[in-house]
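Read the structure below first, then the notes.
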Amino acid sequence: MADVLSPSAAERLARARADLRLGLPVLLEAGGAAALTLAAEGAPPERLAALARAGGLVLAVTARRAETLRARAYDGDLARIAVPEGADAAWALAVADPALDLATPLKGPFRTLRGEEGVPARLARAGIRLARAARLLPAVLLAPCARPPEGIARLPAEEVEAAALAPLAPVVAARVPLAVAGTGRVHVFRSPLEEAEHVAVEIGAPPRDRPVLARLHSACLTGDVLGSLKCDCGPQLRAALARMGEEGAGVLLYMDQEGRGIGLSNKMRAYALQDQGWDTVEANHRLGFEDDERDFRAGAEMLRRLGFASVRLLTNNPGKVRRMEEAGMRVAERVPLRVGRTEENARYLATKAAKSGHWL
């Protein structure tokens, strides 16, 4: 009975995500090493001070953020920065959050670790992945730990690594009458790693034996709901639905991947950086993210679960076509979706074309 009542790997991940968001540390373990791990965003000062007293405290940031900080990323995709004596939660947040760069321009010089120094890079990598999954800034504080405090969540690094490959779980499906076509069915899927619910909206009754007209659309609260003129997301969503309504069939994949997968809070941070003069790609890099953090494998998996083997993909993004095919979903045709250009988003669209290769 004890095994049945014990948490599964997915449940341990869920708890670890929640604890990081609450400002609680989690214990990450790998290869005989262990480290108490605390998200830099929202780190309670008293807990950070306790970690610092334990000795060997490091702040792990992605290579993208390290580049902005002029810190050496000896580990390739991340940098382990030795936290200087006397550094507090305000210091950690200032290093992690580029929104504070103008307010605190004098940072460093930093001593970054390499090789076997300090907390292993594998644990730092797992911590950053957990912070991303929790929709926090991709920066974590880690301290070596031989005797963890009572009640701390413990998580092997391999469980964090394996979760990215875990399949989506279908939750429920129900009929929803839609203005564009009269008939529709909404299928909800959940991700085991992130607090995400992805939705497949089946319009009409698309046949499974030929390519389905499909749109892989990332949730955009500002564009889809609030009518923001800063992006073209809302017009693209409405145009895709209208096209499916005209044809009488299609599938809209509405993915819970706000802000190209960085989450709403970090997307707003990126917008604040754009107000300072950075373009959308530069803003993501300064935050510590890649140009696009979305996982399109989830979309391909949803389509397969619905019985589709190929798509006519409504997109201007070559990355979607390539990554859907890499995920095993054949793209029989790319259907252009050129709508939503405004004076306010002209620079944004130009950046997507120049830096991300969008066909605009």
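The way I read the labels, and the way they are meant: chains A, B, ... in the order of the structure tokens, residue 1 as the first residue of every chain, and ligand 1 as the first ligand shown, with later ones counted on from there.
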
Query raised in the report: Residues at most 10 Å from range 271-276 of chain A, counting only C-alpha atoms, excluding those fewer than 2 positions away in the same chain, as JSON, numbers by chain?
Result: {"A": [98, 99, 100, 101, 102, 230, 259, 265, 266, 267, 268, 269, 278, 279, 280, 281, 282, 283, 284, 286, 287, 348]}

Those residues you just picked out, can you put them in a file as an mmCIF file, in the first residue's frame with N, CA and C atoms?
data_model
loop_
_atom_site.group_PDB
_atom_site.id
_atom_site.type_symbol
_atom_site.label_atom_id
_atom_site.label_comp_id
_atom_site.auth_asym_id
_atom_site.auth_seq_id
_atom_site.Cartn_x
_atom_site.Cartn_y
_atom_site.Cartn_z
ATOM 1 N N PRO A 98 16.350 41.054 -16.136
ATOM 2 C CA PRO A 98 16.866 42.162 -16.949
ATOM 3 C C PRO A 98 16.035 43.430 -16.843
ATOM 4 N N ALA A 99 14.806 43.327 -16.326
ATOM 5 C CA ALA A 99 14.005 44.534 -16.136
ATOM 6 C C ALA A 99 14.672 45.480 -15.150
ATOM 7 N N LEU A 100 15.590 44.934 -14.337
ATOM 8 C CA LEU A 100 16.290 45.745 -13.342
ATOM 9 C C LEU A 100 17.667 46.194 -13.813
ATOM 10 N N ASP A 101 18.027 45.882 -15.060
ATOM 11 C CA ASP A 101 19.377 46.200 -15.528
ATOM 12 C C ASP A 101 19.667 47.697 -15.527
ATOM 13 N N LEU A 102 18.687 48.504 -15.912
ATOM 14 C CA LEU A 102 18.914 49.956 -15.925
ATOM 15 C C LEU A 102 18.982 50.521 -14.509
ATOM 16 N N LYS A 230 -0.021 45.092 -30.540
ATOM 17 C CA LYS A 230 1.428 44.877 -30.493
ATOM 18 C C LYS A 230 1.842 43.616 -31.253
ATOM 19 N N GLY A 259 3.492 33.681 -24.885
ATOM 20 C CA GLY A 259 4.768 34.360 -25.067
ATOM 21 C C GLY A 259 5.854 33.478 -25.637
ATOM 22 N N SER A 265 3.882 36.237 -17.348
ATOM 23 C CA SER A 265 4.702 37.194 -16.584
ATOM 24 C C SER A 265 5.992 37.524 -17.317
ATOM 25 N N ASN A 266 6.659 36.490 -17.831
ATOM 26 C CA ASN A 266 7.903 36.740 -18.556
ATOM 27 C C ASN A 266 7.649 37.443 -19.881
ATOM 28 N N LYS A 267 6.511 37.179 -20.498
ATOM 29 C CA LYS A 267 6.143 37.907 -21.716
ATOM 30 C C LYS A 267 6.008 39.397 -21.422
ATOM 31 N N MET A 268 5.383 39.743 -20.281
ATOM 32 C CA MET A 268 5.260 41.152 -19.911
ATOM 33 C C MET A 268 6.627 41.768 -19.607
ATOM 34 N N ARG A 269 7.522 40.949 -19.046
ATOM 35 C CA ARG A 269 8.891 41.433 -18.855
ATOM 36 C C ARG A 269 9.532 41.738 -20.212
ATOM 37 N N TRP A 278 14.734 47.235 -26.991
ATOM 38 C CA TRP A 278 15.138 45.931 -27.508
ATOM 39 C C TRP A 278 14.025 45.344 -28.375
ATOM 40 N N ASP A 279 14.406 44.570 -29.405
ATOM 41 C CA ASP A 279 13.365 43.907 -30.185
ATOM 42 C C ASP A 279 12.931 42.625 -29.478
ATOM 43 N N THR A 280 11.955 41.915 -30.035
ATOM 44 C CA THR A 280 11.358 40.768 -29.343
ATOM 45 C C THR A 280 12.359 39.641 -29.107
ATOM 46 N N VAL A 281 13.268 39.403 -30.050
ATOM 47 C CA VAL A 281 14.270 38.352 -29.876
ATOM 48 C C VAL A 281 15.297 38.761 -28.826
ATOM 49 N N GLU A 282 15.782 40.008 -28.913
ATOM 50 C CA GLU A 282 16.758 40.494 -27.938
ATOM 51 C C GLU A 282 16.184 40.474 -26.525
ATOM 52 N N ALA A 283 14.909 40.829 -26.392
ATOM 53 C CA ALA A 283 14.276 40.830 -25.074
ATOM 54 C C ALA A 283 14.249 39.427 -24.485
ATOM 55 N N ASN A 284 13.880 38.437 -25.311
ATOM 56 C CA ASN A 284 13.876 37.053 -24.833
ATOM 57 C C ASN A 284 15.265 36.624 -24.381
ATOM 58 N N ARG A 286 17.759 38.491 -23.300
ATOM 59 C CA ARG A 286 18.153 39.161 -22.060
ATOM 60 C C ARG A 286 17.467 38.543 -20.848
ATOM 61 N N LEU A 287 16.268 38.004 -21.054
ATOM 62 C CA LEU A 287 15.565 37.311 -19.970
ATOM 63 C C LEU A 287 16.171 35.951 -19.662
ATOM 64 N N TYR A 348 7.785 44.542 -34.818
ATOM 65 C CA TYR A 348 7.697 43.165 -34.332
ATOM 66 C C TYR A 348 7.657 42.187 -35.507
#

Requested in this report: Might you pull out every residue within 12 Å of range 304-307 of chain A, with only C-alpha atoms counted and same-chain residues fewer than 5 positions away left off, and present them as a PyMOL selection string?
Outcome: chain A and resi 167-170+173+185-189+199-202+205-212+250-251+253+297-299+324+327-330

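For the set A:Val61, A:Leu69, A:Ala82, A:Leu221, the residue with the smallest atom-to-atom gap to Gln257 in chain A is A:Leu221, counting only C-alpha atoms.
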
Query raised in the report: What's the 7 Å shell around Ala332 in chain A, counting only C-alpha atoms, without same-chain residues fewer than 6 positions away, as a PyMOL selection string?
Result: chain A and resi 211+310-312

Go ahead and write the selection's residues with C-alpha atoms as a PDB file, in the first residue's frame.
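Listed below is the output, out.pdb:
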ATOM      1  CA  PRO A 211      -4.534  16.115 -44.577  1.00  0.00           C
ATOM      2  CA  SER A 310      -0.871  14.799 -42.012  1.00  0.00           C
ATOM      3  CA  VAL A 311      -1.875  18.467 -42.039  1.00  0.00           C
ATOM      4  CA  ARG A 312      -2.344  21.514 -44.190  1.00  0.00           C
TER       5      ARG A 312
END

**Report entry** Distance criterion (only C-alpha atoms): nearest to Leu20 in chain A out of A:Gly32, A:Ile81, A:Ala52, A:Ala153
**Finding:**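 Closest residue, counting only C-alpha atoms: A:Ala153.
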
Report task. Quick one: everything within 7 Å of Glu41 in chain A, counting only C-alpha atoms, minus sequence neighbours fewer than 2 positions away in the same chain. Send it as number ranges by chain. Result -> A: 39, 43, 93, 136-137

Requested in this report: Tell me which protein, DNA and RNA residues are within 9 Å of Val339 in chain A, counting only C-alpha atoms, leaving out same-chain ones fewer than 2 positions away, and put them as a ChimeraX atom specification.
Outcome: /A:232,235-236,239,337,341

Report task. List every residue of range 157-256 of chain A that DSSP, applied to the backbone of this structure, assigns to helix (DSSP H, G or I), and report them as a ChimeraX atom specification. Result -> /A:157-163,221-225,233-247

Go ahead and save the picked residues with C-alpha atoms, as an mmCIF file, in the first residue's frame.
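Final file, result_31.cif:
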data_model
loop_
_atom_site.group_PDB
_atom_site.id
_atom_site.type_symbol
_atom_site.label_atom_id
_atom_site.label_comp_id
_atom_site.auth_asym_id
_atom_site.auth_seq_id
_atom_site.Cartn_x
_atom_site.Cartn_y
_atom_site.Cartn_z
ATOM 1 C CA ALA A 157 17.528 15.132 -11.765
ATOM 2 C CA GLU A 158 16.704 12.305 -14.160
ATOM 3 C CA GLU A 159 12.992 12.730 -13.417
ATOM 4 C CA VAL A 160 13.194 16.372 -14.478
ATOM 5 C CA GLU A 161 15.077 15.364 -17.620
ATOM 6 C CA ALA A 162 12.685 12.537 -18.516
ATOM 7 C CA ALA A 163 9.555 14.639 -17.991
ATOM 8 C CA LEU A 221 -4.044 36.803 -23.710
ATOM 9 C CA THR A 222 -3.076 40.263 -24.909
ATOM 10 C CA GLY A 223 -3.746 39.622 -28.595
ATOM 11 C CA ASP A 224 -6.513 37.002 -28.577
ATOM 12 C CA VAL A 225 -8.575 38.449 -25.723
ATOM 13 C CA CYS A 233 -2.016 36.820 -32.852
ATOM 14 C CA GLY A 234 -5.674 37.820 -32.523
ATOM 15 C CA PRO A 235 -6.197 38.446 -36.252
ATOM 16 C CA GLN A 236 -4.396 35.194 -37.086
ATOM 17 C CA LEU A 237 -6.626 33.221 -34.710
ATOM 18 C CA ARG A 238 -9.817 34.689 -36.137
ATOM 19 C CA ALA A 239 -8.644 34.290 -39.747
ATOM 20 C CA ALA A 240 -7.727 30.637 -39.144
ATOM 21 C CA LEU A 241 -11.117 29.880 -37.620
ATOM 22 C CA ALA A 242 -12.871 31.675 -40.479
ATOM 23 C CA ARG A 243 -10.912 29.641 -43.043
ATOM 24 C CA MET A 244 -11.867 26.390 -41.291
ATOM 25 C CA GLY A 245 -15.479 27.541 -41.180
ATOM 26 C CA GLU A 246 -15.434 28.219 -44.923
ATOM 27 C CA GLU A 247 -14.098 24.731 -45.623
#

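Nearest residue to Glu258 in chain A, choosing from A:Glu344, A:Glu293, A:Glu150, A:Glu117 and counting only C-alpha atoms: A:Glu293.
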
Query - range 113-355 of chain A: residues DSSP assigns to strand (DSSP E), reported as a PyMOL selection string - result: chain A and resi 139-144+153-156+169-175+184-190+197-204+212-218+249-255+310-314+330-335

Query raised in the report: Mind pulling up the distance from CA of Leu303 in chain A to CA of Ala18 in chain A?
Result: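 A separation of 29.6 Å between them.
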